[in-house]
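K.L.:
Have a peek at run-v1.cif (mmCIF, C-alpha atoms).
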```cif
data_model
loop_
_atom_site.label_atom_id
_atom_site.label_comp_id
_atom_site.auth_asym_id
_atom_site.auth_seq_id
_atom_site.Cartn_x
_atom_site.Cartn_y
_atom_site.Cartn_z
CA CYS A 1 123.31 275.09 151.04
CA LYS A 2 119.92 275.99 152.36
CA TYR A 3 119.95 273.26 155.00
CA VAL A 4 122.83 271.44 156.63
CA LEU A 5 122.70 268.15 158.50
CA VAL A 6 125.28 268.14 161.31
CA VAL A 7 126.01 264.62 162.56
CA GLY A 8 128.07 263.65 165.57
CA GLY A 9 128.74 260.08 166.57
CA ASP A 10 131.29 257.86 168.22
CA CYS A 11 131.69 254.18 169.03
CA LEU A 12 134.01 254.53 172.01
CA SER A 13 133.34 251.06 173.41
CA LYS A 14 135.90 249.81 170.87
CA SER A 15 138.52 252.29 172.11
CA VAL A 16 138.52 251.56 175.82
CA ASP A 17 140.45 248.96 177.77
CA TRP A 18 137.68 247.02 179.48
CA SER A 19 140.11 245.91 182.21
CA ASP A 20 140.71 249.58 183.15
CA ARG A 21 137.68 250.48 185.26
CA SER A 22 138.87 254.10 185.58
CA ILE A 23 138.22 254.61 181.87
CA CYS A 24 135.76 252.05 180.50
CA VAL A 25 132.82 253.08 182.72
CA LEU A 26 133.03 256.68 181.52
CA PHE A 27 132.52 256.30 177.79
CA GLY A 28 129.53 255.19 175.76
CA ASP A 29 128.49 254.82 172.15
CA GLY A 30 126.10 257.32 170.64
CA ALA A 31 125.16 259.44 167.67
CA GLY A 32 122.84 262.31 166.96
CA ALA A 33 122.09 264.86 164.30
CA VAL A 34 120.79 268.41 164.03
CA VAL A 35 119.39 270.12 160.94
CA LEU A 36 120.41 273.76 160.55
CA GLY A 37 118.74 276.14 158.13
CA PRO A 38 118.20 279.81 157.36
CA THR A 39 115.85 282.15 159.16
CA GLU A 40 114.40 285.52 158.25
CA ASN A 41 114.39 286.58 161.91
CA HIS A 42 117.89 287.65 162.95
CA ASP A 43 116.95 287.40 166.65
CA VAL A 44 116.83 283.60 166.41
CA GLY A 45 119.25 280.95 165.27
CA ILE A 46 122.95 280.81 165.96
CA LEU A 47 123.70 284.21 167.45
CA ARG A 48 127.42 283.70 168.11
CA SER A 49 129.92 280.95 167.55
CA SER A 50 133.56 280.65 168.57
CA LEU A 51 136.11 277.90 168.36
CA PHE A 52 138.62 277.42 171.14
CA SER A 53 141.56 275.04 171.15
CA ASN A 54 144.61 274.29 173.25
CA GLY A 55 146.88 271.82 171.51
CA GLY A 56 149.36 272.08 174.37
CA GLU A 57 147.12 269.82 176.45
CA ALA A 58 146.73 267.12 173.77
CA ASP A 59 148.42 264.41 175.83
CA ILE A 60 145.89 264.46 178.71
CA LEU A 61 143.20 262.69 176.67
CA ILE A 62 144.61 260.72 173.76
CA THR A 63 144.84 257.47 171.90
CA LYS A 64 148.60 257.06 171.57
CA GLY A 65 148.60 254.37 168.91
CA GLY A 66 146.73 253.90 165.67
CA GLY A 67 146.02 256.33 162.88
CA SER A 68 148.42 257.43 160.17
CA ARG A 69 151.33 258.35 162.48
CA HIS A 70 151.38 255.04 164.31
CA PRO A 71 149.58 252.43 162.19
CA PHE A 72 148.13 249.54 164.11
CA ASP A 73 150.47 246.60 164.71
CA VAL A 74 150.85 243.63 167.06
CA ALA A 75 152.94 245.67 169.55
CA MET A 76 149.91 247.88 170.21
CA LEU A 77 147.96 244.89 171.43
CA GLU A 78 150.66 244.33 174.03
CA ASP A 79 151.26 247.94 175.14
CA LYS A 80 147.54 248.84 174.79
CA SER A 81 148.41 252.13 173.08
CA HIS A 82 145.36 251.73 170.81
CA PHE A 83 143.10 252.40 173.82
CA ILE A 84 142.03 255.78 175.18
CA TYR A 85 144.42 257.24 177.75
CA MET A 86 143.17 259.95 180.08
CA ASN A 87 144.73 261.91 182.92
CA GLY A 88 141.43 262.54 184.68
CA LYS A 89 142.67 265.20 187.11
CA SER A 90 144.22 267.23 184.29
CA VAL A 91 141.13 266.89 182.09
CA PHE A 92 138.95 268.10 184.97
CA LYS A 93 141.22 271.08 185.66
CA VAL A 94 141.48 272.11 182.01
CA ALA A 95 137.74 271.72 181.48
CA VAL A 96 136.59 273.86 184.39
CA ASN A 97 139.31 276.48 183.93
CA THR A 98 138.92 276.96 180.17
CA VAL A 99 135.32 276.14 179.28
CA VAL A 100 133.70 278.59 181.71
CA PRO A 101 135.69 281.61 180.42
CA ALA A 102 134.89 280.51 176.84
CA ILE A 103 131.17 280.39 177.67
CA LEU A 104 131.33 283.82 179.31
CA GLU A 105 133.14 285.27 176.29
CA VAL A 106 130.59 283.94 173.80
CA ILE A 107 127.63 285.12 175.88
CA ARG A 108 129.17 288.60 176.25
CA GLU A 109 130.06 288.87 172.55
CA ALA A 110 126.49 287.92 171.65
CA GLY A 111 125.26 290.81 173.78
CA PHE A 112 123.87 288.81 176.67
CA GLN A 113 124.59 288.07 180.31
CA VAL A 114 124.61 284.69 182.06
CA SER A 115 121.28 285.63 183.68
CA ASP A 116 119.73 285.63 180.17
CA VAL A 117 120.66 281.98 179.54
CA ASP A 118 117.77 279.52 179.71
CA LEU A 119 119.77 276.32 179.15
CA LEU A 120 123.39 275.28 178.97
CA VAL A 121 123.51 272.20 176.75
CA ALA A 122 127.02 270.99 177.45
CA HIS A 123 129.17 268.11 176.34
CA GLN A 124 128.41 265.29 178.75
CA ALA A 125 131.94 264.43 179.85
CA ASN A 126 131.65 264.20 183.62
CA SER A 127 128.96 265.17 186.13
CA ARG A 128 131.51 266.83 188.44
CA ILE A 129 132.77 269.00 185.58
CA LEU A 130 129.21 269.99 184.68
CA GLU A 131 128.38 270.76 188.32
CA VAL A 132 131.46 272.98 188.81
CA MET A 133 130.72 274.77 185.52
CA ARG A 134 127.11 275.30 186.62
CA GLU A 135 128.20 276.70 189.99
CA LYS A 136 130.83 279.02 188.47
CA LEU A 137 128.21 280.37 186.04
CA GLY A 138 125.56 280.73 188.74
CA LEU A 139 123.03 278.55 186.91
CA LYS A 140 120.35 276.40 188.53
CA PRO A 141 120.54 272.59 188.23
CA GLU A 142 117.54 272.51 185.88
CA GLN A 143 119.37 274.88 183.52
CA VAL A 144 122.18 272.36 182.93
CA PRO A 145 120.49 269.12 181.84
CA MET A 146 122.46 265.88 182.00
CA ASN A 147 122.08 262.46 180.42
CA LEU A 148 125.54 260.99 180.97
CA ASP A 149 124.15 258.92 183.85
CA ARG A 150 122.27 256.91 181.21
CA TYR A 151 124.78 256.78 178.33
CA GLY A 152 128.21 257.83 179.59
CA ASN A 153 130.31 260.24 177.55
CA THR A 154 129.06 259.71 174.00
CA SER A 155 131.60 262.26 172.76
CA ALA A 156 130.48 263.83 169.46
CA GLY A 157 126.93 262.57 169.99
CA THR A 158 126.29 264.19 173.38
CA ILE A 159 124.87 267.55 172.36
CA PRO A 160 122.51 266.35 169.59
CA ILE A 161 121.31 263.47 171.81
CA LEU A 162 120.61 265.86 174.68
CA LEU A 163 118.87 268.36 172.38
CA GLN A 164 116.57 265.58 171.12
CA GLU A 165 115.74 264.52 174.68
CA LEU A 166 114.97 268.12 175.67
CA HIS A 167 112.74 268.44 172.59
CA GLU A 168 110.88 265.21 173.44
CA GLU A 169 110.40 266.44 177.03
CA GLY A 170 108.94 269.73 175.76
CA ARG A 171 111.71 271.74 177.41
CA LEU A 172 112.75 273.62 174.25
CA LYS A 173 110.59 276.66 173.61
CA PRO A 174 110.73 279.43 170.99
CA GLY A 175 112.73 282.42 172.18
CA MET A 176 114.94 280.51 174.61
CA LEU A 177 118.61 281.41 174.84
CA ILE A 178 120.53 278.15 174.72
CA VAL A 179 124.29 277.91 174.99
CA THR A 180 125.97 274.78 173.68
CA VAL A 181 129.53 273.92 174.55
#
```
Is it possible to give me this structure as structure tokens?
P.N.:
Amino acid sequence: CKYVLVVGGDCLSKSVDWSDRSICVLFGDGAGAVVLGPTENHDVGILRSSLFSNGGEADILITKGGGSRHPFDVAMLEDKSHFIYMNGKSVFKVAVNTVVPAILEVIREAGFQVSDVDLLVAHQANSRILEVMREKLGLKPEQVPMNLDRYGNTSAGTIPILLQELHEEGRLKPGMLIVTV
């Protein structure tokens, strides 16, 4: 393919228990898309990409019921296992202790230092997580834009939505080093 349309979107309002205020206020619905294509200039584009995963922590943010393993049934309505379950303290700990080293690894492997980064366009999960990540990386507040105060955690839509907002604000310039995570 010469061009690829990458789409991320979620409708999480259907997956939260609206009587559980510790969860329902955190998540929002959203979608966004980014078009990726080739470039002749090898100093621009995606300079480095890595995938990180830790399946051992799967139970800290999960929907226990539904899907092919546990098809929806009447019992799920009673036990609410079709709703998102989150251990917020564990999610926070895992996020700040694993995402920052992953960012540092990707920046280093791309041949840069944190001081070279213009923007960190991060998944908009939680403002406290973003703030701790920013502090650990030594970035300024304006280098870590946030929009979760307006939409909540839009999950797969967060990065393309934020990129579009930055574009509309004129904050994306040629030659910038942008890290997405």
K.L.:
Stretch 18-28 of chain A: which residues within 10 Å, counting all atoms listed in the file, same-chain residues fewer than 2 positions away excluded, as a tab-separated table (two decimals) with C-alpha atoms, keeping the file's coordinate frame?
P.N.:
```
chain	number	residue	atom	x	y	z
A	10	ASP	CA	131.29	257.86	168.22
A	11	CYS	CA	131.69	254.18	169.03
A	12	LEU	CA	134.01	254.53	172.01
A	13	SER	CA	133.34	251.06	173.41
A	14	LYS	CA	135.90	249.81	170.87
A	15	SER	CA	138.52	252.29	172.11
A	16	VAL	CA	138.52	251.56	175.82
A	30	GLY	CA	126.10	257.32	170.64
A	83	PHE	CA	143.10	252.40	173.82
A	84	ILE	CA	142.03	255.78	175.18
A	85	TYR	CA	144.42	257.24	177.75
A	86	MET	CA	143.17	259.95	180.08
A	87	ASN	CA	144.73	261.91	182.92
A	88	GLY	CA	141.43	262.54	184.68
A	124	GLN	CA	128.41	265.29	178.75
A	125	ALA	CA	131.94	264.43	179.85
A	126	ASN	CA	131.65	264.20	183.62
A	148	LEU	CA	125.54	260.99	180.97
A	149	ASP	CA	124.15	258.92	183.85
A	150	ARG	CA	122.27	256.91	181.21
A	151	TYR	CA	124.78	256.78	178.33
A	152	GLY	CA	128.21	257.83	179.59
A	153	ASN	CA	130.31	260.24	177.55
A	154	THR	CA	129.06	259.71	174.00
A	155	SER	CA	131.60	262.26	172.76
A	157	GLY	CA	126.93	262.57	169.99
A	158	THR	CA	126.29	264.19	173.38
```
K.L.:
Run through the PyMOL selection byres ((chain A and resi 161-172) around 7) on the given coordinates and return the selected residues as a PDB file with C-alpha atoms, in the frame of the given file.
P.N.:
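out01.pdb, written as the output of this step:
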```
ATOM      1  CA  ALA A  31     125.160 259.440 167.670  1.00  0.00           C
ATOM      2  CA  GLY A  32     122.840 262.310 166.960  1.00  0.00           C
ATOM      3  CA  ASN A 147     122.080 262.460 180.420  1.00  0.00           C
ATOM      4  CA  GLY A 157     126.930 262.570 169.990  1.00  0.00           C
ATOM      5  CA  THR A 158     126.290 264.190 173.380  1.00  0.00           C
ATOM      6  CA  ILE A 159     124.870 267.550 172.360  1.00  0.00           C
ATOM      7  CA  PRO A 160     122.510 266.350 169.590  1.00  0.00           C
ATOM      8  CA  LYS A 173     110.590 276.660 173.610  1.00  0.00           C
ATOM      9  CA  PRO A 174     110.730 279.430 170.990  1.00  0.00           C
TER      10      PRO A 174
END
```
K.L.:
At what distance in Å, to one decimal, does atom CA of A:Ser115 lie from atom CA of A:Val132?
P.N.:
17.0 Å
K.L.:
Between A:Leu51, A:Val100, A:Leu177, A:Val6, single out the one closest to A:Glu131, counting all atoms listed in the file.
P.N.:
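The closest residue to A:Glu131 is A:Val100.
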K.L.:
Expand the PyMOL selection byres ((chain A and resi 106) around 12) into the explicit residue set it covers here, and present it as a ChimeraX atom specification.
P.N.:
/A:46-52,99-105,107-114,117,178-181
K.L.:
Select, from A:Gly8, A:Met133, A:Phe72, A:Val94, the residue with the minimum atom-to-atom distance to A:Gly55, counting all atoms listed in the file.
P.N.:
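So, comparing all the options, the nearest one is A:Val94.
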K.L.:
Could you please determine the separation between atom CA of A:Lys140 and atom CA of A:Phe92 in Å, to one decimal place?
P.N.:
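Answer for the atom CA of A:Lys140 to atom CA of A:Phe92 separation: 20.7 Å.
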K.L.:
Between atom CA of A:Gly9 and atom CA of A:Val74, what is the spacing in Å?
P.N.:
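According to the coordinates, atom CA of A:Val74 and atom CA of A:Gly9 are separated by 27.6 Å.
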K.L.:
Find the spatial neighbours of A:Val4, counting all atoms listed in the file, within a cut-off of 7 Å - ignore same-chain residues fewer than 5 positions away - and output them as a PyMOL selection string.
P.N.:
chain A and resi 35-37
K.L.:
Counting all atoms listed in the file, which of A:Val96, A:Met146, A:Leu137, A:Met176 gets nearest to A:Leu119?
P.N.:
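Smallest separation from A:Leu119 among the options: A:Met176.
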K.L.:
Pick out the closest residue to A:Asp79 from this set: A:Lys64, A:His123, A:His42, A:Lys93. Count all atoms listed in the file.
P.N.:
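Looking at the shortest contact to A:Asp79, the residue is A:Lys64.
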K.L.:
Do you know which residues the PyMOL selection byres ((chain A and resi 143) around 9) returns on this file, as a PDB file with C-alpha atoms, in the frame of the given file?
P.N.:
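Once everything was written out, this is result_7.pdb:
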```pdb
ATOM      1  CA  VAL A 117     120.660 281.980 179.540  1.00  0.00           C
ATOM      2  CA  ASP A 118     117.770 279.520 179.710  1.00  0.00           C
ATOM      3  CA  LEU A 119     119.770 276.320 179.150  1.00  0.00           C
ATOM      4  CA  LEU A 120     123.390 275.280 178.970  1.00  0.00           C
ATOM      5  CA  VAL A 121     123.510 272.200 176.750  1.00  0.00           C
ATOM      6  CA  ARG A 134     127.110 275.300 186.620  1.00  0.00           C
ATOM      7  CA  LEU A 139     123.030 278.550 186.910  1.00  0.00           C
ATOM      8  CA  LYS A 140     120.350 276.400 188.530  1.00  0.00           C
ATOM      9  CA  PRO A 141     120.540 272.590 188.230  1.00  0.00           C
ATOM     10  CA  GLU A 142     117.540 272.510 185.880  1.00  0.00           C
ATOM     11  CA  VAL A 144     122.180 272.360 182.930  1.00  0.00           C
ATOM     12  CA  PRO A 145     120.490 269.120 181.840  1.00  0.00           C
TER      13      PRO A 145
END
```
K.L.:
Using all atoms listed in the file, can you tell me which of A:Leu130, A:Ala95, A:Val34, A:Leu77 comes closest to A:Ser53?
P.N.:
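So, comparing all the options, the nearest one is A:Ala95.
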K.L.:
For A:Met76, please output as a PDB file with C-alpha atoms, in the frame of the given file all residues within 12 Å (counting all atoms listed in the file; exclusion window: fewer than 4 positions along the same chain).
P.N.:
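Produced file result.pdb, reproduced below:
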```
ATOM      1  CA  THR A  63     144.840 257.470 171.900  1.00  0.00           C
ATOM      2  CA  LYS A  64     148.600 257.060 171.570  1.00  0.00           C
ATOM      3  CA  GLY A  65     148.600 254.370 168.910  1.00  0.00           C
ATOM      4  CA  GLY A  66     146.730 253.900 165.670  1.00  0.00           C
ATOM      5  CA  GLY A  67     146.020 256.330 162.880  1.00  0.00           C
ATOM      6  CA  HIS A  70     151.380 255.040 164.310  1.00  0.00           C
ATOM      7  CA  PRO A  71     149.580 252.430 162.190  1.00  0.00           C
ATOM      8  CA  PHE A  72     148.130 249.540 164.110  1.00  0.00           C
ATOM      9  CA  LYS A  80     147.540 248.840 174.790  1.00  0.00           C
ATOM     10  CA  SER A  81     148.410 252.130 173.080  1.00  0.00           C
ATOM     11  CA  HIS A  82     145.360 251.730 170.810  1.00  0.00           C
ATOM     12  CA  PHE A  83     143.100 252.400 173.820  1.00  0.00           C
TER      13      PHE A  83
END
```
K.L.:
Return the padded bounding box of stretch 126-133 of chain A as AutoDock Vina command-line options: axis-aligned, built from all atoms listed in the file, 8 Å added on each side, with centre and edge lengths in Å to one decimal.
P.N.:
```
--center_x 130.6 --center_y 269.5 --center_z 186.2 --size_x 20.4 --size_y 26.6 --size_z 21.2
```
